[in-house]
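Everything on this sheet refers to the single structure shown next.
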Amino acid sequence: MALKDIQFFTEDIDFNIKEKQKLRTWIGETIKAEGFNRIGELSFVLCSDNYLLEINKQYLNHDTYTDIVTFDSSETEDSIAGDIFISIERIRENASKFNVSERDELHRVIIHGVLHLCGYYDKKKEDKARMTEMENYYLGKRSF
């Protein structure tokens with residue numbers, strides 16, 4: 001697995017993600033555990049609410065704020081590739097709302113996006129419960 005292909009970017013915010021290499025390793029281990037052999041280009045774009053709202057409206061026809069939007073660009077069944085947009089403002093608000101650290105909430109949303117690329121869904125009640133279960137499982141696997 002080419003962990004160097006996991007990249008972190010920011011758009012229209014000033015945010016410095018910490019522990020990038022540890023995050024890459026954790027993401028890579030999650031992808032491998034889910035049965036995938038290769039990571040293509042996997043980009044995490046950390047942005048503002050308004051930036052993500054525009055993405056949501058333009059590409060998904062949703063006029064709502066959200067914490068994450070995931071676009072899958074995988075070309076083969078055994079590889080993961082995509083762009084994952086994450087609102088730092090939503091992360092901060094949700095961390096406060098759920099009484100968790102911003103770091104843990106960011107990591108939950110990061111792994112949520114990865115799980116979408118692995119084939120998990122969250123629209124139906126039972127799918128959402130399974131997604132949360134898997135998020136908790138992989139959060140528990142963090143070694144940092």
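Identifiers for the structure tokens are assigned positionally: chains receive A, B, ... in sequence, residues are indexed from 1 per chain, and ligands are indexed from 1 in the order shown.
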
#### Entry: Exercise: Tyr121 (chain A) partners within 12 Å, only C-alpha atoms, chain neighbours under 5 positions left out, as a list in words
Thr70, His112, Gly113, Val114, Leu115, His116, Glu126, Asp127, Lys128, Ala129, Arg130, Met131, Thr132 and Met134 of chain A

Can you spit out the residues from that selection as a PDB file, in the first residue's frame, using N, CA and C atoms?
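So the final result, stored in part_39.pdb, reads:
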```pdb
ATOM      1  N   THR A  70     -18.099  12.512   0.189  1.00  0.00           N
ATOM      2  CA  THR A  70     -17.103  11.571  -0.333  1.00  0.00           C
ATOM      3  C   THR A  70     -17.382  11.294  -1.800  1.00  0.00           C
ATOM      4  N   HIS A 112     -15.050   7.546   8.542  1.00  0.00           N
ATOM      5  CA  HIS A 112     -16.384   7.457   7.930  1.00  0.00           C
ATOM      6  C   HIS A 112     -16.262   7.560   6.408  1.00  0.00           C
ATOM      7  N   GLY A 113     -15.501   8.536   5.941  1.00  0.00           N
ATOM      8  CA  GLY A 113     -15.292   8.698   4.497  1.00  0.00           C
ATOM      9  C   GLY A 113     -14.601   7.495   3.887  1.00  0.00           C
ATOM     10  N   VAL A 114     -13.591   6.973   4.581  1.00  0.00           N
ATOM     11  CA  VAL A 114     -12.876   5.784   4.110  1.00  0.00           C
ATOM     12  C   VAL A 114     -13.845   4.602   4.014  1.00  0.00           C
ATOM     13  N   LEU A 115     -14.696   4.442   5.015  1.00  0.00           N
ATOM     14  CA  LEU A 115     -15.657   3.340   5.005  1.00  0.00           C
ATOM     15  C   LEU A 115     -16.657   3.469   3.853  1.00  0.00           C
ATOM     16  N   HIS A 116     -17.033   4.698   3.514  1.00  0.00           N
ATOM     17  CA  HIS A 116     -17.876   4.884   2.318  1.00  0.00           C
ATOM     18  C   HIS A 116     -17.162   4.318   1.093  1.00  0.00           C
ATOM     19  N   GLU A 126     -30.517   0.793   9.431  1.00  0.00           N
ATOM     20  CA  GLU A 126     -29.637  -0.349   9.708  1.00  0.00           C
ATOM     21  C   GLU A 126     -28.227  -0.131   9.132  1.00  0.00           C
ATOM     22  N   ASP A 127     -28.153   0.546   7.986  1.00  0.00           N
ATOM     23  CA  ASP A 127     -26.840   0.869   7.408  1.00  0.00           C
ATOM     24  C   ASP A 127     -26.089   1.862   8.285  1.00  0.00           C
ATOM     25  N   LYS A 128     -26.821   2.841   8.795  1.00  0.00           N
ATOM     26  CA  LYS A 128     -26.203   3.837   9.669  1.00  0.00           C
ATOM     27  C   LYS A 128     -25.676   3.189  10.946  1.00  0.00           C
ATOM     28  N   ALA A 129     -26.440   2.253  11.507  1.00  0.00           N
ATOM     29  CA  ALA A 129     -25.998   1.544  12.717  1.00  0.00           C
ATOM     30  C   ALA A 129     -24.720   0.745  12.424  1.00  0.00           C
ATOM     31  N   ARG A 130     -24.669   0.085  11.281  1.00  0.00           N
ATOM     32  CA  ARG A 130     -23.472  -0.681  10.892  1.00  0.00           C
ATOM     33  C   ARG A 130     -22.293   0.260  10.676  1.00  0.00           C
ATOM     34  N   MET A 131     -22.515   1.397  10.032  1.00  0.00           N
ATOM     35  CA  MET A 131     -21.449   2.377   9.800  1.00  0.00           C
ATOM     36  C   MET A 131     -20.885   2.848  11.138  1.00  0.00           C
ATOM     37  N   THR A 132     -21.747   3.197  12.083  1.00  0.00           N
ATOM     38  CA  THR A 132     -21.303   3.652  13.406  1.00  0.00           C
ATOM     39  C   THR A 132     -20.519   2.556  14.118  1.00  0.00           C
ATOM     40  N   MET A 134     -18.734   0.218  12.733  1.00  0.00           N
ATOM     41  CA  MET A 134     -17.417   0.101  12.091  1.00  0.00           C
ATOM     42  C   MET A 134     -16.529   1.303  12.430  1.00  0.00           C
TER      43      MET A 134
END
```

## Note on the structure
Shortest contact to Asn56 (chain A), candidates A:Ser73, A:Ser79, A:Thr30, A:Ser87, atoms counted only C-alpha atoms, goes to A:Ser87

### Task
Could you check which of A:Asp67, A:Asp12, A:Glu29, A:Glu77 is closest to Arg108 (chain A), using only C-alpha atoms?
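Among the listed residues, A:Asp67 lies closest to Arg108 (chain A).
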
### Task
Per DSSP on the backbone, filter chain A down to the residues in helix (DSSP H, G or I) and report them as a PyMOL selection string.
chain A and resi 3-5+20-33+49-60+88-98+102-117+125-140

### Query
Which one of A:Ala33, A:Ile111, A:Leu106, A:Leu53 sits closest to Asn94 (chain A) if you count only C-alpha atoms?
A:Leu106

### Message
Could you tell me how far CA of Phe9 (chain A) sits from CA of Leu46 (chain A), in Å to one decimal place?
### Response
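Taking CA of Leu46 (chain A) as the start and CA of Phe9 (chain A) as the end point, the length is 6.1 Å.
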
### Message
Which residues are near Ile68 (chain A)? Cut-off 9 Å, only C-alpha atoms, ignore same chain within fewer than 6 positions. Put them as a PyMOL selection string.
### Response
chain A and resi 52+84-87+90+109-110+112-113

Generate a file of the selected residues that holds all heavy atoms, formatted as a short mmCIF file (atom, residue, chain, number, x, y, z; two decimals), in the first residue's frame.
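Now in result11.cif:
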```cif
data_model
loop_
_atom_site.label_atom_id
_atom_site.label_comp_id
_atom_site.auth_asym_id
_atom_site.auth_seq_id
_atom_site.Cartn_x
_atom_site.Cartn_y
_atom_site.Cartn_z
N LEU A 52 -18.02 23.48 1.67
CA LEU A 52 -18.63 22.16 1.53
C LEU A 52 -20.09 22.27 1.11
O LEU A 52 -20.58 21.42 0.35
CB LEU A 52 -18.48 21.36 2.82
CG LEU A 52 -18.82 19.87 2.71
CD1 LEU A 52 -18.08 19.19 1.56
CD2 LEU A 52 -18.48 19.17 4.02
N ILE A 84 -12.29 13.21 -0.33
CA ILE A 84 -13.14 13.31 0.84
C ILE A 84 -13.05 14.74 1.38
O ILE A 84 -11.98 15.18 1.78
CB ILE A 84 -12.72 12.27 1.91
CG1 ILE A 84 -12.87 10.85 1.35
CG2 ILE A 84 -13.52 12.46 3.19
CD1 ILE A 84 -12.32 9.76 2.25
N PHE A 85 -14.17 15.45 1.32
CA PHE A 85 -14.24 16.84 1.78
C PHE A 85 -14.84 16.85 3.18
O PHE A 85 -15.89 16.24 3.41
CB PHE A 85 -15.12 17.67 0.84
CG PHE A 85 -14.53 17.85 -0.53
CD1 PHE A 85 -14.67 16.87 -1.50
CD2 PHE A 85 -13.81 18.99 -0.84
CE1 PHE A 85 -14.13 17.02 -2.76
CE2 PHE A 85 -13.26 19.16 -2.11
CZ PHE A 85 -13.41 18.17 -3.06
N ILE A 86 -14.17 17.54 4.09
CA ILE A 86 -14.58 17.56 5.49
C ILE A 86 -14.65 19.01 5.99
O ILE A 86 -13.69 19.76 5.86
CB ILE A 86 -13.59 16.77 6.37
CG1 ILE A 86 -13.57 15.29 5.95
CG2 ILE A 86 -13.93 16.92 7.85
CD1 ILE A 86 -12.48 14.47 6.62
N SER A 87 -15.80 19.37 6.56
CA SER A 87 -15.97 20.71 7.13
C SER A 87 -15.41 20.74 8.55
O SER A 87 -15.94 20.06 9.44
CB SER A 87 -17.44 21.11 7.15
OG SER A 87 -17.61 22.25 7.97
N ARG A 90 -18.07 21.98 11.02
CA ARG A 90 -19.00 20.93 11.45
C ARG A 90 -18.32 20.02 12.47
O ARG A 90 -18.96 19.58 13.43
CB ARG A 90 -19.46 20.05 10.29
CG ARG A 90 -20.40 20.58 9.30
CD ARG A 90 -21.77 20.90 9.85
NE ARG A 90 -21.78 22.34 10.01
CZ ARG A 90 -22.45 23.04 10.92
NH1 ARG A 90 -23.22 22.47 11.76
NH2 ARG A 90 -22.35 24.34 10.99
N VAL A 109 -14.80 11.16 11.39
CA VAL A 109 -15.30 11.57 10.08
C VAL A 109 -14.33 11.11 8.98
O VAL A 109 -14.76 10.68 7.91
CB VAL A 109 -15.56 13.09 10.05
CG1 VAL A 109 -15.92 13.55 8.65
CG2 VAL A 109 -16.69 13.43 11.02
N ILE A 110 -13.03 11.16 9.25
CA ILE A 110 -12.06 10.65 8.29
C ILE A 110 -12.35 9.18 8.00
O ILE A 110 -12.44 8.76 6.83
CB ILE A 110 -10.62 10.84 8.80
CG1 ILE A 110 -10.20 12.31 8.67
CG2 ILE A 110 -9.64 9.94 8.05
CD1 ILE A 110 -8.87 12.65 9.33
N HIS A 112 -15.05 7.55 8.54
CA HIS A 112 -16.38 7.46 7.93
C HIS A 112 -16.26 7.56 6.41
O HIS A 112 -16.85 6.75 5.67
CB HIS A 112 -17.27 8.58 8.49
CG HIS A 112 -18.65 8.61 7.94
ND1 HIS A 112 -19.71 7.97 8.55
CD2 HIS A 112 -19.16 9.20 6.83
CE1 HIS A 112 -20.82 8.17 7.84
NE2 HIS A 112 -20.51 8.91 6.79
N GLY A 113 -15.50 8.54 5.94
CA GLY A 113 -15.29 8.70 4.50
C GLY A 113 -14.60 7.49 3.89
O GLY A 113 -14.96 7.03 2.80
#
```
